[in-house]
Every structure is written in structure tokens, then in C-alpha cells.
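Structure, as C-alpha cells:
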Amino acid sequence: MKLSWLDIRNLDEARDAIVQEALHQRIDGIVAADPAALEGLPPTVTKVLFPRGKALPEDFGEATVVIVDPDFHKITPAELALKHPGLEFGRFVEIIDAKTLEDACQSARTEQWSLLLFRDPTKIPLEIVIAASASSRGSLITVAADVEEAEIIFGVLEHGSDGVMMAPRKVGDATALKTVVNAETPDLTLTELEVVSTEHVGMGERACVDTCTYFRKDEGILVGSHSKGMILCVSETHPLPYMPTRPFRVNAGAIHSYTLSKDGRTNYLSELKAGSKIVAADVEGRTRLVTVGRVKIETRPLISVNAVSADGREVNLILQDDWHVRVLGPGGTVLNSTELKPGDKVLGFLPTEDRHVGYPLDEFCLET
């Protein structure tokens, strides 16, 4: 789980409202320059004292973590830890050149907490620090200018920083930051569905969804004609005759079909565009967000696949009517859509909510 620290050191009249929002959103840490600003905060939040450019106070108050600025505080985190065994200490490093980059790497390898500020916009120095501290038990907190940078920081070298510290500008920023932190998608419970019929339904538009990610062989996206039933469509990762593999592509289905996207929403395939975020799932139900790079919508012959769950719930998927378009079955079995027959088993997902403009909603809705 990634950490979110909110820096309130320079807030004035909006501070109380922003702190209350941060606590409501379960922000992990509140960073202040004065111990008095941390008083009264609940024990559920990490109280971080960071008096940069100021002397360390004699009394740390209710602080649980103290960040030392070695350019100003003439004492090390290790020395402070000996004097205050009940507190945690860390080091601040501002990275501006090769020397301070090495200081950051050393801090990341040895300190319990390392608070890093990178002055240049490139993320290469952060990559170096993450690589240098791969075996360390300490935590890296990187200063982010805004929510967009926080999202980038969490993705550096695939691992990302352990957390970010961001100074909010207004009420709402804490919520936006926590949304980025919670961007991981939950695992899904997939269900075996039994094919009951297939039908050639004529011409229509289908969407190939090209992502910015290589899919694994047992991975694809969930697609269905109805919001309460989807089938796992595999990518073009498996070899095909007459054409090369395209492991970033899922020949997903007709344009009216639903697929899962970020924040628990669904999108029609026709709505997807470059930059959209959708959910990739494997046969075990493990998920991740992937970015759409392109959607190709073309007129093709279509085939309708009808399946049913063990408890009688019906699922429909309309696909391009061609042998090379495939879905996944139990154990990662790859099934050609045109060869599906009654009794075959496919993997699917059965949401319980209806949908309104893609959002889950508990209401009466009949889809046929």
C-alpha cells in the first residue's frame, strides 16, 4: 500500500478544513513544522514533524515521526533515535546534483524514513534511488508538486516511491491524492459459465482495444452485452496463423459492449480512447489497470455467444465472427469463438449492481 502525506506547513485559513478532509479520507500522514499543529490529531494518522530551516524543538509533542534536515540540524537521525527511543526519525535530502543524489541513495539504504525533493523534472534520479534501496527496509517519501506528479511517482520503475508528500492548495486536494493512492484495482471472483448457444447475427461494428501494455497469456479484459454479466476475452498473445501476435490487443466485441474501467465504473467499448484506463484480469481474478493506446472500430461479421452460470444468470457477448477471436476458459484454456458449442465452459464475471452512466447503482433495471 502506498503512503500519502499531506504537508500543511504553509497553510493558513483553510488549514482546519483541509486537515478534516484529510482525516476523513484516511490520509496516512500530516506534516507540520510546529508540534502544536499536530496536537489533537487522532492516532490513526502519522504525525510528522518537519521543521525545515528551523531549529528542532526541545519537545516533539505528539509527533510520531521527525524528519531531520542535515543542512540545518546538526544531529543525525541515529543520534536522535538513541535519545528518543519511542519515536521514528528520518532524513530530508534535496537532490540537485550527483553528490546529493548519492546522499539520497545512502539515506534510502540506511534510514527508516527518507524524504526526497527532486528539483529537476526528470524522474531518472528517483529511478536510481529506488534501485539503490531495493533491499532496504526503510521507506521513501517523495515530494510531489500535485496529484498528477504523485501518480507518476508511484509508477517509477514499476515499483514507485513508497509514498508521496504533497502540499494541498485547496479543499479537495486530499481527496484527489487519496484517489491516486487507492488506484489499485481489487481482485475479482470469476465464475465458470456454460455456453448454451451461439448465433451468427450479421454485420456490425466491433472494437479492437489496443493498450500500452503487454498482456500475459492468461489475461484479457472482461466484456459483455449486459452490465451484470461479462466474459473474459483474451488478448492476441497466443500464436495465430497468417498474422503476427499482438500481445497488446484484445479483439473485444461489438461497440455496445461493456468493459470494466477505473474507479469501479464500466465503459462502452465505443467510449474508449487513447488514455482511457481499463481493467485487465487474468484467469485467477487478479486485476490491474492498463492504459488504452488506441481503439480500432471496423465493420465485421458478428457472432452472439449466450452462456449461463450455475445459478441461472444469463450472459451474452457479441464478438467478431472469426476463428482468431478468442475467449478464456477454466485454467487458461484458449477457446476460438467460432468453435464454441453448447456445454463448453468459459470464464466470466457477474457484477451484482446495475449501472447508470457507468457507475454501479442499486436500482431496478432489466436488460435483455
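Ligands are numbered from 1 in the order shown, chains are lettered A, B, ... in the order of the C-alpha cells, and residues start at 1 in each chain.
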
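Residues in contact with A:Thr338 at 12 Å, where only C-alpha atoms are counted and same-chain residues fewer than 5 positions away are skipped, are listed as A:Ser197, A:Thr198, A:Glu199, A:His200, A:Pro301, A:Leu302, A:Ile303, A:Ser304, A:Val305, A:Ile318, A:Leu319, A:Gln320, A:Asp321, A:Asp322, A:Trp323, A:His324, A:Val325, A:Arg326, A:Val327.
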
Next, the residues of the selection above should be written as a short mmCIF file (atom, residue, chain, number, x, y, z; two decimals), in the first residue's frame with N, CA and C atoms.
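Everything below was put into again39.cif:
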```
data_model
loop_
_atom_site.label_atom_id
_atom_site.label_comp_id
_atom_site.auth_asym_id
_atom_site.auth_seq_id
_atom_site.Cartn_x
_atom_site.Cartn_y
_atom_site.Cartn_z
N SER A 197 -25.66 -21.45 -26.37
CA SER A 197 -25.92 -21.31 -27.80
C SER A 197 -25.01 -20.25 -28.40
N THR A 198 -24.82 -20.34 -29.70
CA THR A 198 -24.16 -19.28 -30.46
C THR A 198 -24.99 -19.01 -31.70
N GLU A 199 -24.87 -17.79 -32.23
CA GLU A 199 -25.68 -17.42 -33.39
C GLU A 199 -24.93 -16.39 -34.23
N HIS A 200 -24.91 -16.60 -35.54
CA HIS A 200 -24.35 -15.61 -36.45
C HIS A 200 -25.39 -14.50 -36.62
N PRO A 301 -18.42 -9.16 -39.65
CA PRO A 301 -19.48 -10.09 -39.28
C PRO A 301 -19.38 -10.42 -37.79
N LEU A 302 -20.52 -10.61 -37.14
CA LEU A 302 -20.56 -10.79 -35.69
C LEU A 302 -21.19 -12.12 -35.32
N ILE A 303 -20.77 -12.64 -34.15
CA ILE A 303 -21.35 -13.84 -33.60
C ILE A 303 -21.79 -13.56 -32.16
N SER A 304 -22.97 -14.03 -31.80
CA SER A 304 -23.50 -13.84 -30.46
C SER A 304 -23.31 -15.12 -29.66
N VAL A 305 -22.73 -15.00 -28.48
CA VAL A 305 -22.47 -16.14 -27.59
C VAL A 305 -23.34 -15.98 -26.35
N ILE A 318 -21.21 -10.42 -27.78
CA ILE A 318 -21.20 -10.39 -29.24
C ILE A 318 -19.79 -10.02 -29.70
N LEU A 319 -19.22 -10.93 -30.50
CA LEU A 319 -17.83 -10.82 -30.95
C LEU A 319 -17.75 -10.78 -32.46
N GLN A 320 -16.57 -10.43 -32.96
CA GLN A 320 -16.31 -10.60 -34.38
C GLN A 320 -16.41 -12.08 -34.73
N ASP A 321 -17.10 -12.38 -35.79
CA ASP A 321 -17.35 -13.77 -36.21
C ASP A 321 -16.15 -14.27 -37.01
N ASP A 322 -15.10 -14.62 -36.29
CA ASP A 322 -13.88 -15.10 -36.93
C ASP A 322 -13.14 -16.02 -35.98
N TRP A 323 -12.53 -17.04 -36.52
CA TRP A 323 -11.86 -18.09 -35.75
C TRP A 323 -10.78 -17.54 -34.83
N HIS A 324 -10.10 -16.45 -35.24
CA HIS A 324 -8.95 -15.98 -34.45
C HIS A 324 -9.36 -15.13 -33.26
N VAL A 325 -10.65 -14.85 -33.10
CA VAL A 325 -11.13 -14.11 -31.93
C VAL A 325 -11.42 -15.11 -30.82
N ARG A 326 -10.86 -14.89 -29.65
CA ARG A 326 -10.84 -15.93 -28.64
C ARG A 326 -11.28 -15.43 -27.27
N VAL A 327 -11.74 -16.39 -26.45
CA VAL A 327 -12.06 -16.12 -25.05
C VAL A 327 -11.32 -17.15 -24.20
#
```

Taking only stretch 180-267 of chain A into account, list the residues labelled strand (DSSP E) by DSSP (computed from the backbone), as a PyMOL selection string. chain A and resi 191-211+219-226+229-234+249-254+258-260+266-267

How would you write, as a PyMOL selection string, the set of residues in stretch 63-273 of chain A that DSSP gives as alpha helix (DSSP H)? chain A and resi 77-83+98-110+124-132+147-153+173-181

Please report the interatomic distance between atom CA of A:Leu126 and atom CA of A:Ala145 in Å with one decimal. 14.7 Å

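Minimum atom-to-atom distance to A:Lys178, evaluated using only C-alpha atoms, belongs to A:Glu151 out of A:Glu151, A:Asn251, A:Lys262, A:Ser133.
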
For A:Ala14: contacts at 9 Å, only C-alpha atoms, fewer than 2 positions along chain excluded, given as a VMD selection string: chain A and resid 11 to 12 16 to 19 169 to 171

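With distances taken over only C-alpha atoms, A:Asp7 is the one residue among A:Glu58, A:Asp7, A:Asp187, A:Asp97 lying closest to A:Asp146.
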
Show me, as a list in words, the residues that have an atom within 10 Å of A:Ala78 when counting only C-alpha atoms, minus same-chain residues fewer than 2 positions from it. Ile75, Thr76, Leu80, Ala81, Leu82, Lys83, His84, Glu88, Phe89, Gly90, Arg91, Thr110, Glu111 and Gln112 of chain A

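Coordinates place atom CA of A:Gly163 at a distance of 11.5 Å from atom CA of A:Gly138.
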